[in-house]
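Structure below is data30.txt: compact mmCIF, C-alpha atoms and all ligand atoms.
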```txt
# COMPACT_ATOMS: atom_id res chain seq x y z
CA MET A 58 152.67 123.25 101.46
CA LYS A 59 152.52 120.15 99.25
CA VAL A 60 151.67 116.88 100.98
CA GLY A 61 151.68 113.32 99.68
CA ILE A 62 149.48 110.37 100.59
CA VAL A 63 150.70 106.83 99.93
CA GLY A 64 147.77 104.40 100.16
CA ALA A 65 145.30 107.06 99.00
CA THR A 66 142.96 104.37 97.65
CA GLY A 67 142.34 102.95 101.14
CA TYR A 68 139.96 104.07 103.89
CA GLY A 69 142.63 105.88 105.91
CA GLY A 70 143.97 107.51 102.73
CA VAL A 71 140.61 108.82 101.53
CA GLU A 72 139.85 110.21 104.99
CA LEU A 73 143.22 112.03 104.93
CA TYR A 74 142.32 113.39 101.49
CA ARG A 75 138.90 114.60 102.73
CA ILE A 76 140.46 116.76 105.44
CA LEU A 77 143.71 117.80 103.76
CA SER A 78 141.95 118.96 100.58
CA ASN A 79 140.23 121.63 102.73
CA HIS A 80 143.18 122.38 105.02
CA PRO A 81 144.13 126.08 104.87
CA HIS A 82 147.90 125.36 104.92
CA VAL A 83 147.84 122.66 102.24
CA ASP A 84 148.22 123.90 98.66
CA GLU A 85 148.26 120.51 97.00
CA CYS A 86 147.75 116.82 97.84
CA ILE A 87 149.70 114.39 95.67
CA LEU A 88 148.17 110.92 95.75
CA TYR A 89 150.23 107.76 95.32
CA SER A 90 149.21 104.20 94.62
CA SER A 91 151.17 100.96 94.33
CA SER A 92 148.54 99.34 92.12
CA GLU A 93 146.69 102.00 90.13
CA MET A 94 148.78 104.70 88.49
CA ASP A 95 147.83 107.34 85.89
CA VAL A 96 144.11 106.85 86.53
CA PRO A 97 141.69 109.36 88.08
CA TYR A 98 141.35 109.09 91.86
CA SER A 99 137.58 109.34 91.44
CA ASN A 100 137.66 105.95 89.65
CA SER A 101 138.51 104.47 93.06
CA PHE A 102 136.02 106.72 94.86
CA PRO A 103 133.03 107.82 92.72
CA HIS A 104 131.78 109.96 95.64
CA LEU A 105 134.64 112.33 94.68
CA THR A 106 133.27 112.95 91.16
CA GLU A 107 133.64 116.66 90.31
CA ILE A 108 135.40 117.19 93.64
CA SER A 109 138.74 115.57 92.84
CA ASP A 110 140.53 115.78 89.48
CA HIS A 111 143.60 114.05 90.92
CA ILE A 112 145.44 111.41 88.96
CA LEU A 113 147.04 108.63 91.01
CA LYS A 114 150.82 108.56 90.75
CA ASN A 115 153.39 105.82 90.97
CA ILE A 116 155.40 105.73 94.23
CA ASP A 117 158.73 107.25 93.14
CA VAL A 118 160.92 108.10 96.14
CA GLU A 119 163.04 110.68 94.29
CA GLU A 120 159.96 112.43 92.88
CA ILE A 121 158.40 112.52 96.37
CA LYS A 122 161.61 113.99 97.84
CA SER A 123 161.59 116.83 95.33
CA ASN A 124 157.86 117.62 95.47
CA VAL A 125 156.51 116.88 98.92
CA THR A 126 157.09 118.41 102.37
CA VAL A 127 155.09 115.91 104.43
CA LEU A 128 154.32 112.33 103.38
CA PHE A 129 151.49 110.33 104.97
CA LEU A 130 151.76 106.55 104.80
CA ALA A 131 148.26 105.03 105.01
CA THR A 132 149.54 101.60 104.12
CA PRO A 133 149.36 98.07 105.53
CA PRO A 134 151.96 96.87 108.04
CA GLY A 135 155.33 96.20 106.41
CA VAL A 136 155.20 99.02 103.82
CA SER A 137 156.56 101.74 106.12
CA ARG A 138 159.37 99.39 107.12
CA THR A 139 160.80 99.66 103.59
CA LEU A 140 159.63 103.19 102.65
CA SER A 141 160.38 105.28 105.79
CA PRO A 142 164.16 104.58 105.90
CA GLN A 143 164.48 105.96 102.36
CA PHE A 144 163.42 109.41 103.63
CA ILE A 145 165.50 109.52 106.82
CA ASP A 146 168.23 111.69 105.32
CA SER A 147 165.85 113.91 103.35
CA ASP A 148 163.79 116.93 104.38
CA VAL A 149 160.51 115.04 103.99
CA LYS A 150 158.57 114.57 107.23
CA ILE A 151 156.88 111.18 107.49
CA ILE A 152 153.59 110.43 109.29
CA ASP A 153 152.99 106.68 109.36
CA LEU A 154 149.45 105.47 110.12
CA SER A 155 150.49 101.82 110.34
CA GLY A 156 151.88 100.01 113.38
CA ASP A 157 155.40 99.68 111.91
CA LEU A 158 157.07 102.40 113.98
CA ARG A 159 155.02 102.38 117.18
CA LEU A 160 156.76 99.74 119.31
CA LYS A 161 160.17 100.71 120.66
CA ASN A 162 161.16 97.07 121.17
CA LYS A 163 161.97 95.46 117.83
CA SER A 164 161.44 91.87 118.99
CA GLU A 165 158.07 92.81 120.50
CA TYR A 166 156.94 94.09 117.06
CA GLU A 167 158.11 90.87 115.42
CA GLU A 168 156.30 88.76 118.03
CA TRP A 169 152.93 90.59 117.81
CA TYR A 170 152.88 91.62 114.12
CA LYS A 171 154.54 88.35 112.99
CA ARG A 172 156.73 90.12 110.45
CA PRO A 173 160.22 91.67 110.40
CA CYS A 174 160.62 95.06 112.07
CA VAL A 175 162.31 98.17 110.71
CA ASP A 176 165.95 98.71 111.81
CA GLU A 177 166.51 100.01 115.33
CA ASN A 178 168.25 103.18 114.09
CA VAL A 179 165.01 104.16 112.32
CA LEU A 180 162.80 103.07 115.22
CA GLU A 181 164.65 105.25 117.69
CA LYS A 182 163.95 108.35 115.57
CA ALA A 183 160.18 107.72 115.52
CA VAL A 184 158.00 109.76 117.91
CA TYR A 185 154.77 108.19 119.18
CA GLY A 186 152.07 110.64 118.14
CA LEU A 187 149.47 110.83 120.87
CA PRO A 188 149.25 114.65 121.18
CA GLU A 189 147.41 114.74 124.52
CA ILE A 190 150.42 113.10 126.20
CA TYR A 191 153.52 113.57 124.03
CA LYS A 192 152.89 117.01 122.47
CA ALA A 193 156.35 118.44 123.18
CA ASP A 194 158.09 115.57 121.34
CA ILE A 195 155.63 115.71 118.44
CA THR A 196 156.35 119.36 117.69
CA LYS A 197 160.00 118.38 117.01
CA ALA A 198 159.31 115.12 115.15
CA LYS A 199 160.44 114.34 111.60
CA LEU A 200 159.30 110.72 111.71
CA LEU A 201 155.98 110.11 113.42
CA ALA A 202 154.26 106.88 114.43
CA ASN A 203 150.53 107.62 114.47
CA PRO A 204 148.86 105.59 117.25
CA GLY A 205 146.52 102.68 116.62
CA CYS A 206 142.77 103.14 116.93
CA PHE A 207 142.21 100.94 120.01
CA PRO A 208 145.32 102.34 121.77
CA THR A 209 144.09 105.91 121.24
CA ALA A 210 140.72 105.25 122.90
CA THR A 211 142.24 103.09 125.66
CA ILE A 212 145.26 105.21 126.59
CA LEU A 213 143.21 108.44 126.67
CA GLY A 214 140.60 106.68 128.81
CA LEU A 215 143.21 105.51 131.33
CA ALA A 216 145.95 108.17 131.37
CA PRO A 217 144.66 110.39 134.23
CA VAL A 218 144.08 107.54 136.70
CA VAL A 219 147.24 105.69 135.65
CA GLU A 220 149.57 108.68 135.88
CA ASN A 221 148.13 109.67 139.25
CA LYS A 222 148.41 106.05 140.49
CA LEU A 223 144.71 105.82 141.40
CA VAL A 224 144.21 102.28 140.04
CA ASN A 225 145.85 98.99 140.96
CA GLU A 226 148.43 98.34 138.27
CA GLN A 227 147.49 94.72 137.59
CA SER A 228 143.71 95.24 137.63
CA ILE A 229 143.09 96.87 134.23
CA ILE A 230 140.61 95.16 131.91
CA VAL A 231 139.64 96.63 128.53
CA ASP A 232 136.59 95.43 126.60
CA ALA A 233 136.77 97.13 123.18
CA LYS A 234 134.35 97.22 120.25
CA THR A 235 134.98 98.41 116.71
CA GLY A 236 133.23 99.19 113.45
CA VAL A 237 134.16 97.23 110.34
CA SER A 238 136.03 100.06 108.53
CA GLY A 239 138.86 99.41 111.01
CA ALA A 240 139.76 96.39 108.89
CA GLY A 241 140.40 98.52 105.76
CA ARG A 242 138.73 98.51 102.35
CA ASN A 243 139.55 95.01 101.18
CA ALA A 244 136.76 92.51 101.78
CA SER A 245 137.39 89.32 103.72
CA GLN A 246 135.25 86.57 105.15
CA THR A 247 135.34 88.24 108.58
CA THR A 248 134.11 91.57 107.24
CA HIS A 249 131.56 90.13 104.78
CA PHE A 250 128.06 91.65 105.31
CA SER A 251 126.49 88.29 106.25
CA GLU A 252 129.17 87.67 108.86
CA VAL A 253 128.92 91.13 110.46
CA ASN A 254 125.23 92.00 110.19
CA GLU A 255 123.18 91.17 113.33
CA ASN A 256 126.30 89.74 114.91
CA VAL A 257 128.89 90.58 117.58
CA LYS A 258 132.16 88.72 117.27
CA ILE A 259 135.18 88.61 119.55
CA TYR A 260 138.49 88.31 117.69
CA LYS A 261 142.28 88.05 118.25
CA VAL A 262 141.60 86.95 121.86
CA HIS A 263 144.67 87.82 123.98
CA GLU A 264 146.60 88.21 120.71
CA HIS A 265 145.71 91.66 119.46
CA GLN A 266 148.73 93.58 118.12
CA HIS A 267 147.60 96.71 120.00
CA ILE A 268 148.19 95.11 123.45
CA PRO A 269 151.96 95.90 123.58
CA GLU A 270 151.33 99.42 122.21
CA ILE A 271 148.88 100.19 125.03
CA GLU A 272 151.16 98.64 127.66
CA GLN A 273 154.18 100.59 126.34
CA ALA A 274 152.32 103.92 126.70
CA LEU A 275 150.81 103.14 130.12
CA HIS A 276 154.27 102.08 131.32
CA THR A 277 155.64 105.54 130.44
CA LEU A 278 152.93 107.07 132.66
CA ASN A 279 153.39 104.63 135.55
CA ASP A 280 156.26 102.17 135.37
CA ALA A 281 154.52 99.69 137.69
CA ILE A 282 152.14 98.84 134.85
CA THR A 283 153.39 95.87 132.87
CA CYS A 284 150.32 94.12 131.46
CA ILE A 285 146.60 94.54 130.92
CA SER A 286 143.71 92.32 129.82
CA PHE A 287 142.43 93.50 126.43
CA ASN A 288 139.93 92.07 123.95
CA THR A 289 138.26 93.36 120.79
CA HIS A 290 134.80 92.79 119.29
CA LEU A 291 133.58 93.43 115.74
CA MET A 292 130.24 95.28 115.71
CA PRO A 293 127.70 95.71 112.89
CA MET A 294 128.57 99.37 112.25
CA THR A 295 130.86 101.18 109.80
CA ARG A 296 132.82 103.53 112.06
CA GLY A 297 133.46 103.84 115.76
CA ILE A 298 135.39 102.42 118.69
CA MET A 299 134.18 102.07 122.25
CA ALA A 300 136.64 100.98 124.93
CA THR A 301 134.88 100.02 128.17
CA ILE A 302 137.59 99.92 130.82
CA TYR A 303 137.45 98.41 134.32
CA ALA A 304 140.07 98.90 137.06
CA SER A 305 140.25 98.62 140.87
CA LEU A 306 140.80 101.90 142.68
CA THR A 307 143.64 102.19 145.19
CA ASP A 308 141.46 104.13 147.62
CA THR A 309 137.92 105.48 147.98
CA TYR A 310 137.35 108.13 145.31
CA SER A 311 134.03 109.61 144.25
CA THR A 312 132.88 109.81 140.65
CA GLU A 313 132.85 113.58 141.00
CA LYS A 314 136.49 113.68 142.12
CA LEU A 315 137.62 111.50 139.21
CA LEU A 316 135.65 113.57 136.69
CA ASP A 317 137.34 116.72 138.02
CA LEU A 318 140.73 115.02 137.70
CA TYR A 319 139.97 114.12 134.04
CA LYS A 320 138.83 117.67 133.26
CA ASP A 321 142.07 119.06 134.71
CA PHE A 322 144.23 116.48 132.94
CA TYR A 323 142.69 117.30 129.55
CA ALA A 324 142.20 121.06 130.10
CA ASP A 325 144.60 121.85 127.23
CA SER A 326 143.40 119.04 124.93
CA PRO A 327 140.84 120.42 122.48
CA PHE A 328 139.79 117.01 121.19
CA VAL A 329 139.07 115.29 124.52
CA ARG A 330 135.61 115.93 125.96
CA ILE A 331 134.78 114.75 129.47
CA ARG A 332 131.12 113.98 130.00
CA LYS A 333 128.93 115.03 132.93
CA GLN A 334 128.21 112.73 135.88
CA ASN A 335 125.96 109.82 134.79
CA GLU A 336 126.37 110.67 131.09
CA PHE A 337 128.23 108.16 128.92
CA PRO A 338 129.32 108.74 125.33
CA SER A 339 128.23 106.59 122.39
CA THR A 340 130.14 106.06 119.14
CA LYS A 341 127.60 108.03 117.10
CA GLU A 342 128.33 111.11 119.22
CA VAL A 343 131.87 111.33 117.76
CA TYR A 344 131.11 109.98 114.25
CA GLY A 345 133.17 111.74 111.55
CA SER A 346 134.95 113.91 114.16
CA ASN A 347 138.35 114.01 115.84
CA PHE A 348 136.91 113.93 119.36
CA CYS A 349 137.58 111.35 122.03
CA ASP A 350 134.68 111.46 124.51
CA ILE A 351 135.08 109.96 127.98
CA GLY A 352 132.57 109.14 130.71
CA LEU A 353 133.16 107.29 133.97
CA LYS A 354 131.51 106.07 137.16
CA VAL A 355 132.85 104.61 140.39
CA ASP A 356 131.20 101.38 141.55
CA GLU A 357 131.15 101.89 145.32
CA ARG A 358 130.15 98.23 145.93
CA THR A 359 133.27 96.78 144.29
CA GLY A 360 135.75 99.66 144.58
CA ARG A 361 136.20 99.57 140.80
CA VAL A 362 135.76 102.31 138.21
CA THR A 363 134.14 101.88 134.79
CA ILE A 364 135.54 104.24 132.13
CA VAL A 365 133.97 104.58 128.68
CA SER A 366 136.06 106.09 125.89
CA VAL A 367 134.81 106.51 122.30
CA ILE A 368 136.41 107.67 119.05
CA ASP A 369 135.83 107.46 115.32
CA ASN A 370 138.45 104.91 114.24
CA LEU A 371 139.13 106.69 110.92
CA MET A 372 139.40 110.14 112.55
CA LYS A 373 140.92 110.29 116.06
CA GLY A 374 141.90 106.63 115.48
CA ALA A 375 143.77 107.31 112.20
CA ALA A 376 143.51 110.21 109.70
CA GLY A 377 142.20 112.92 112.06
CA GLN A 378 144.93 112.24 114.61
CA ALA A 379 147.53 112.12 111.80
CA ILE A 380 146.45 115.64 110.76
CA GLN A 381 146.45 116.82 114.39
CA ASN A 382 150.09 115.62 114.46
CA PHE A 383 150.77 117.24 111.05
CA ASN A 384 149.55 120.55 112.54
CA LEU A 385 151.79 120.24 115.59
CA MET A 386 154.85 119.13 113.55
CA ASN A 387 154.51 122.18 111.30
CA GLY A 388 153.73 124.85 113.89
CA PHE A 389 150.06 125.21 112.90
CA GLU A 390 147.22 125.52 115.40
CA GLU A 391 146.49 121.95 116.61
CA THR A 392 142.84 122.08 115.57
CA THR A 393 143.35 123.44 112.02
CA GLY A 394 141.00 121.73 109.57
CA LEU A 395 139.70 119.41 112.29
CA TYR A 396 137.47 121.27 114.70
CA HIS A 397 133.94 120.55 113.54
CA ALA A 398 130.85 118.87 114.96
CA PRO A 399 130.40 115.12 114.57
CA ILE A 400 127.88 113.91 111.96
CA TYR A 401 124.64 113.18 113.82
CA PRO A 402 122.51 111.11 113.71
N1 LIG A 501 141.05 101.69 109.11
C1 LIG A 501 141.29 102.14 110.33
O1 LIG A 501 140.36 102.46 111.09
C2 LIG A 501 142.70 102.27 110.83
C3 LIG A 501 143.79 101.89 110.09
N2 LIG A 501 145.05 102.01 110.61
C4 LIG A 501 146.20 101.58 109.84
O2 LIG A 501 146.36 102.47 108.73
C5 LIG A 501 146.88 101.75 107.62
C6 LIG A 501 145.90 101.93 106.45
O3 LIG A 501 144.66 101.34 106.82
P1 LIG A 501 143.38 101.35 105.89
O4 LIG A 501 143.35 102.61 105.12
O5 LIG A 501 142.24 100.98 106.72
O6 LIG A 501 143.72 100.15 104.89
P2 LIG A 501 143.18 99.90 103.42
O7 LIG A 501 143.39 98.44 103.17
O8 LIG A 501 141.82 100.46 103.24
O9 LIG A 501 144.20 100.72 102.51
C7 LIG A 501 145.57 100.45 102.45
C8 LIG A 501 146.13 101.04 101.18
O10 LIG A 501 147.54 100.74 101.13
C9 LIG A 501 147.93 100.62 99.77
N3 LIG A 501 148.96 99.57 99.65
C10 LIG A 501 148.79 98.23 99.75
N4 LIG A 501 149.95 97.60 99.57
C11 LIG A 501 150.88 98.56 99.36
C12 LIG A 501 152.29 98.53 99.09
N5 LIG A 501 152.96 97.40 99.04
N6 LIG A 501 152.93 99.71 98.92
C13 LIG A 501 152.25 100.89 98.97
N7 LIG A 501 150.91 100.97 99.21
C14 LIG A 501 150.24 99.82 99.40
C15 LIG A 501 146.68 100.23 98.99
O11 LIG A 501 146.56 101.14 97.94
P3 LIG A 501 147.15 100.87 96.50
O12 LIG A 501 146.83 99.47 96.10
O13 LIG A 501 146.43 101.89 95.67
O14 LIG A 501 148.62 101.13 96.63
C16 LIG A 501 145.51 100.42 99.93
O15 LIG A 501 144.54 101.26 99.39
C17 LIG A 501 147.03 100.30 108.07
O16 LIG A 501 148.33 100.06 108.51
C18 LIG A 501 146.05 100.21 109.22
O17 LIG A 501 146.40 99.18 110.08
C19 LIG A 501 145.28 102.55 111.82
C20 LIG A 501 144.24 102.97 112.59
C21 LIG A 501 142.87 102.82 112.18
C1 LIG A 502 138.10 95.75 112.59
C2 LIG A 502 139.57 95.45 112.56
O1 LIG A 502 140.01 94.42 112.08
N1 LIG A 502 140.38 96.39 113.05
C3 LIG A 502 141.80 96.26 113.04
C4 LIG A 502 142.37 97.59 113.42
C5 LIG A 502 143.86 97.55 113.60
C6 LIG A 502 144.68 98.40 112.73
O2 LIG A 502 144.23 99.34 112.14
O3 LIG A 502 145.98 98.05 112.62
P1 LIG A 502 147.24 98.79 113.16
O4 LIG A 502 146.77 99.95 113.96
O5 LIG A 502 147.97 97.82 114.00
O6 LIG A 502 148.02 99.22 111.99
C7 LIG A 502 142.26 95.17 114.04
O7 LIG A 502 141.60 94.98 115.06
O8 LIG A 502 143.32 94.58 113.82
```
So, in terms of structure tokens, how does the structure I just supplied come out?
Amino acid sequence: MKVGIVGATGYGGVELYRILSNHPHVDECILYSSSEMDVPYSNSFPHLTEISDHILKNIDVEEIKSNVTVLFLATPPGVSRTLSPQFIDSDVKIIDLSGDLRLKNKSEYEEWYKRPCVDENVLEKAVYGLPEIYKADITKAKLLANPGCFPTATILGLAPVVENKLVNEQSIIVDAKTGVSGAGRNASQTTHFSEVNENVKIYKVHEHQHIPEIEQALHTLNDAITCISFNTHLMPMTRGIMATIYASLTDTYSTEKLLDLYKDFYADSPFVRIRKQNEFPSTKEVYGSNFCDIGLKVDERTGRVTIVSVIDNLMKGAAGQAIQNFNLMNGFEETTGLYHAPIYP
């Protein structure tokens, strides 16, 4: 199979390349750029010297339609809005890593992303690609909205207690932390070394574009959930997301009972690992892998539960999950090319 990557010169794109170039069902990766064509890919990424002899190609929709079976869009918000509709009537399957196709409500996208949304007829064809919850739909998808990094960690952390109605619907609070690679490869004042090093910074307070995405998914699991409290913090690390989640329990449940519930819920999910009692995952324990690790503990004094969910933002939060979806959409084993140990330490 030939696959294409638009945005190959970015962090999500190069992570896709890393995995797809060793994927047993991928014969060729064709790499597209909007700014650097006809130059070696290794000019953008010298760590690929003698590994990649790819030449970056111009984004030509007709050429893509005739050469590519699956196209990954690892592009900033707004790009998929114009590119995806051009493939709707073709045989090319699209996997979009941006937020452009994730929200089912067009005006909600425009409010949170502050930009125009793709047409509703395209939006309604897009399947939200969180395999642990929507696997059946993903296997039939032609247009796939890959989930955001924070939503992946948060929704997986909450799904078992939300679906089983074990937490009060209005009590959910998510305190999330991220590594700097989540902001992409372009430098900015916020991601400048001097601003990030030895610092922890809260950002987009009550305004993060992932809030409606998380609420939309939780609402499908339990329609009494309408809103959550959610904030994000930039940490002095390259990769990793930790979502620390607090919610009030509807009854008295032991930690042991909840851990058993999580193990059952994720029994058929090869990339979700539930930790032992009193063991909590750290971001380094999933670094470079497609795992989402979850630990939890009931606070008997307050009747609340604390849930800790970690992922690598570029893997389960972006490229790894996109390839998990690629596997499911093409009838391959879900774990193909992805099931390996995290890099540690
Ligand atoms: N980084 C992360 O952890 C995560 C990222 N995402 C999402 O994935 C997408 C990619 O993110 P990331 O790789 O970090 O971003 P980067 O900024 O690192 O890369 C984006 C790439 O998009 C390409 N691009 C820019 N403008 C255009 C355009 N008009 N048309 C086509 N291509 C364009 C650029 O390549 P070129 O100039 O060569 O065309 C650039 O290399 C974003 O939507 C992001 O929000 C989602 C989850 C996690
Ligand atoms: C560190 C950092 O800035 N992270 C980004 C990650 C979001 C992202 O990747 O955007 P979409 O998933 O919406 O496309 C942020 O918090 O906005």
- Interatomic distance (Å, one decimal) between atom CA of A:Val362 and atom CA of A:Val257: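 The value is 24.7 Å.
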- Message: List as a ChimeraX atom specification the protein and nucleic acid residues near A:Thr307, meaning an atom at most 8 Å away when all atoms listed in the file are counted, but skip any in the same chain fewer than 3 places from it.
- Response: /A:222-225
- Message: Neighbours of ligand LIG 502 (chain A) at 7 Å or closer, counting only C-alpha atoms and all ligand atoms: which residues, as a PyMOL selection string?
- Response: chain A and resi 133-134+154-156+204-206+235-240+265-267+289+291
- Given all atoms listed in the file as the counted atoms, nearest of A:Met292, A:Leu73, A:Ile271, A:Met58 to ligand LIG 501 (chain A):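 Checking each candidate against ligand LIG 501 (chain A), we get A:Leu73 as the closest.
Distance annotation: of A:Glu177, A:Val218, A:Leu353, A:Ala376, the residue with the minimal separation from A:Tyr74 is A:Ala376; atom set is only C-alpha atoms.
Closest approach to ligand LIG 501 (chain A) from the set A:Phe207, A:Phe144, A:Tyr260, A:Tyr344 is made by A:Phe207, with distances taken over only C-alpha atoms and all ligand atoms.
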Pick out the residues no farther than 8 Å from ligand LIG 501 (chain A), counting all atoms listed in the file, and list them as a CSV table (one decimal) with C-alpha atoms, in the frame of the given file.
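out-v1.csv was written with the following content:
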```csv
chain,number,residue,atom,x,y,z
A,63,VAL,CA,150.7,106.8,99.9
A,64,GLY,CA,147.8,104.4,100.2
A,65,ALA,CA,145.3,107.1,99.0
A,66,THR,CA,143.0,104.4,97.6
A,67,GLY,CA,142.3,103.0,101.1
A,68,TYR,CA,140.0,104.1,103.9
A,69,GLY,CA,142.6,105.9,105.9
A,70,GLY,CA,144.0,107.5,102.7
A,71,VAL,CA,140.6,108.8,101.5
A,89,TYR,CA,150.2,107.8,95.3
A,90,SER,CA,149.2,104.2,94.6
A,91,SER,CA,151.2,101.0,94.3
A,92,SER,CA,148.5,99.3,92.1
A,93,GLU,CA,146.7,102.0,90.1
A,116,ILE,CA,155.4,105.7,94.2
A,130,LEU,CA,151.8,106.6,104.8
A,131,ALA,CA,148.3,105.0,105.0
A,132,THR,CA,149.5,101.6,104.1
A,133,PRO,CA,149.4,98.1,105.5
A,134,PRO,CA,152.0,96.9,108.0
A,135,GLY,CA,155.3,96.2,106.4
A,136,VAL,CA,155.2,99.0,103.8
A,153,ASP,CA,153.0,106.7,109.4
A,154,LEU,CA,149.4,105.5,110.1
A,155,SER,CA,150.5,101.8,110.3
A,156,GLY,CA,151.9,100.0,113.4
A,157,ASP,CA,155.4,99.7,111.9
A,203,ASN,CA,150.5,107.6,114.5
A,204,PRO,CA,148.9,105.6,117.2
A,205,GLY,CA,146.5,102.7,116.6
A,206,CYS,CA,142.8,103.1,116.9
A,207,PHE,CA,142.2,100.9,120.0
A,238,SER,CA,136.0,100.1,108.5
A,239,GLY,CA,138.9,99.4,111.0
A,240,ALA,CA,139.8,96.4,108.9
A,241,GLY,CA,140.4,98.5,105.8
A,242,ARG,CA,138.7,98.5,102.4
A,243,ASN,CA,139.6,95.0,101.2
A,296,ARG,CA,132.8,103.5,112.1
A,369,ASP,CA,135.8,107.5,115.3
A,370,ASN,CA,138.4,104.9,114.2
A,371,LEU,CA,139.1,106.7,110.9
A,372,MET,CA,139.4,110.1,112.6
A,374,GLY,CA,141.9,106.6,115.5
A,375,ALA,CA,143.8,107.3,112.2
A,376,ALA,CA,143.5,110.2,109.7
```
- Counting all atoms listed in the file, the option among A:Ser326, A:Thr393, A:Ile380, A:Lys163 closest to A:Lys192: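 Selected residue with least distance to A:Lys192: A:Ser326.
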- Message: Under the rule that only C-alpha atoms are counted, which of A:Val118, A:Leu213, A:Leu140, A:Ala304 is the nearest residue to A:Ile331?
- Response: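 Going through A:Val118, A:Leu213, A:Leu140, A:Ala304 one by one, the smallest distance to A:Ile331 is for A:Leu213.
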- atom CA of A:Asp194 and atom CA of A:Val127 are how many Å apart?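 Distance reported for this atom pair: 17.2 Å.
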- For atom CA of A:Ile364 and atom CA of A:Cys349, the interatomic separation in Å (one decimal): 12.5 Å
Contacts of stretch 200-265 of chain A with stretch 316-325 of chain A up to 12 Å, shortest pair per row, all atoms listed in the file, as JSON lines:
```
{"residue": "A:Leu213", "atom": "CA", "partner": "A:Tyr323", "partner_atom": "CA", "distance": 9.3}
{"residue": "A:Gly214", "atom": "CA", "partner": "A:Tyr319", "partner_atom": "CA", "distance": 9.1}
{"residue": "A:Leu215", "atom": "CA", "partner": "A:Tyr319", "partner_atom": "CA", "distance": 9.6}
{"residue": "A:Ala216", "atom": "CA", "partner": "A:Phe322", "partner_atom": "CA", "distance": 8.6}
{"residue": "A:Pro217", "atom": "CA", "partner": "A:Tyr319", "partner_atom": "CA", "distance": 6.0}
{"residue": "A:Val218", "atom": "CA", "partner": "A:Tyr319", "partner_atom": "CA", "distance": 8.2}
{"residue": "A:Val219", "atom": "CA", "partner": "A:Tyr319", "partner_atom": "CA", "distance": 11.2}
{"residue": "A:Glu220", "atom": "CA", "partner": "A:Phe322", "partner_atom": "CA", "distance": 9.9}
{"residue": "A:Asn221", "atom": "CA", "partner": "A:Leu318", "partner_atom": "CA", "distance": 9.3}
{"residue": "A:Leu223", "atom": "CA", "partner": "A:Leu318", "partner_atom": "CA", "distance": 10.7}
```
- Residue nearest A:Gln273 among A:Tyr98, A:Tyr166, A:Phe337, A:Tyr396 (counting all atoms listed in the file):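 Among the listed residues, A:Tyr166 lies closest to A:Gln273.
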Give, as AutoDock Vina command-line options, the centre coordinates and the x, y and z edge lengths in Å to one decimal for an axis-aligned box around all listed atoms of stretch 220-225 of chain A, padded by 3 Å on each side.
```
--center_x 146.9 --center_y 104.3 --center_z 138.6 --size_x 11.4 --size_y 16.7 --size_z 11.5
```
Determine, for each residue of stretch 200-249 of chain A having at least one atom at most 10 Å from an atom of stretch 180-183 of chain A, the closest pair of atoms and their separation in Å to one decimal, counting only C-alpha atoms; order by chain and ascending number, as CSV.
```
residue,atom,partner,partner_atom,distance
A:Leu200,CA,A:Ala183,CA,4.9
A:Leu201,CA,A:Ala183,CA,5.3
A:Ala202,CA,A:Ala183,CA,6.1
A:Asn203,CA,A:Ala183,CA,9.7
```
- Task: Find the spatial neighbours of A:Asn79, counting all atoms listed in the file, within a cut-off of 12 Å - ignore same-chain residues fewer than 2 positions away - and output them as JSON, numbers by chain.
- Result: {"A": [72, 73, 74, 75, 76, 77, 81, 82, 83, 84, 85, 86, 108, 109, 380, 393, 394, 395]}
Give me a file of those residues, with C-alpha atoms, as a PDB file, in the coordinates of the input.
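The result, written out as again.pdb:
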```
ATOM      1  CA  GLU A  72     139.850 110.210 104.990  1.00  0.00           C
ATOM      2  CA  LEU A  73     143.220 112.030 104.930  1.00  0.00           C
ATOM      3  CA  TYR A  74     142.320 113.390 101.490  1.00  0.00           C
ATOM      4  CA  ARG A  75     138.900 114.600 102.730  1.00  0.00           C
ATOM      5  CA  ILE A  76     140.460 116.760 105.440  1.00  0.00           C
ATOM      6  CA  LEU A  77     143.710 117.800 103.760  1.00  0.00           C
ATOM      7  CA  PRO A  81     144.130 126.080 104.870  1.00  0.00           C
ATOM      8  CA  HIS A  82     147.900 125.360 104.920  1.00  0.00           C
ATOM      9  CA  VAL A  83     147.840 122.660 102.240  1.00  0.00           C
ATOM     10  CA  ASP A  84     148.220 123.900  98.660  1.00  0.00           C
ATOM     11  CA  GLU A  85     148.260 120.510  97.000  1.00  0.00           C
ATOM     12  CA  CYS A  86     147.750 116.820  97.840  1.00  0.00           C
ATOM     13  CA  ILE A 108     135.400 117.190  93.640  1.00  0.00           C
ATOM     14  CA  SER A 109     138.740 115.570  92.840  1.00  0.00           C
ATOM     15  CA  ILE A 380     146.450 115.640 110.760  1.00  0.00           C
ATOM     16  CA  THR A 393     143.350 123.440 112.020  1.00  0.00           C
ATOM     17  CA  GLY A 394     141.000 121.730 109.570  1.00  0.00           C
ATOM     18  CA  LEU A 395     139.700 119.410 112.290  1.00  0.00           C
TER      19      LEU A 395
END
```
- Message: With only C-alpha atoms as the counted atoms, please give the residues lying no more than 9 Å from A:Glu390, apart from itself and same-chain residues fewer than 5 positions off, as a list in words.
- Response: Gln381, Asn384 and Leu385 of chain A
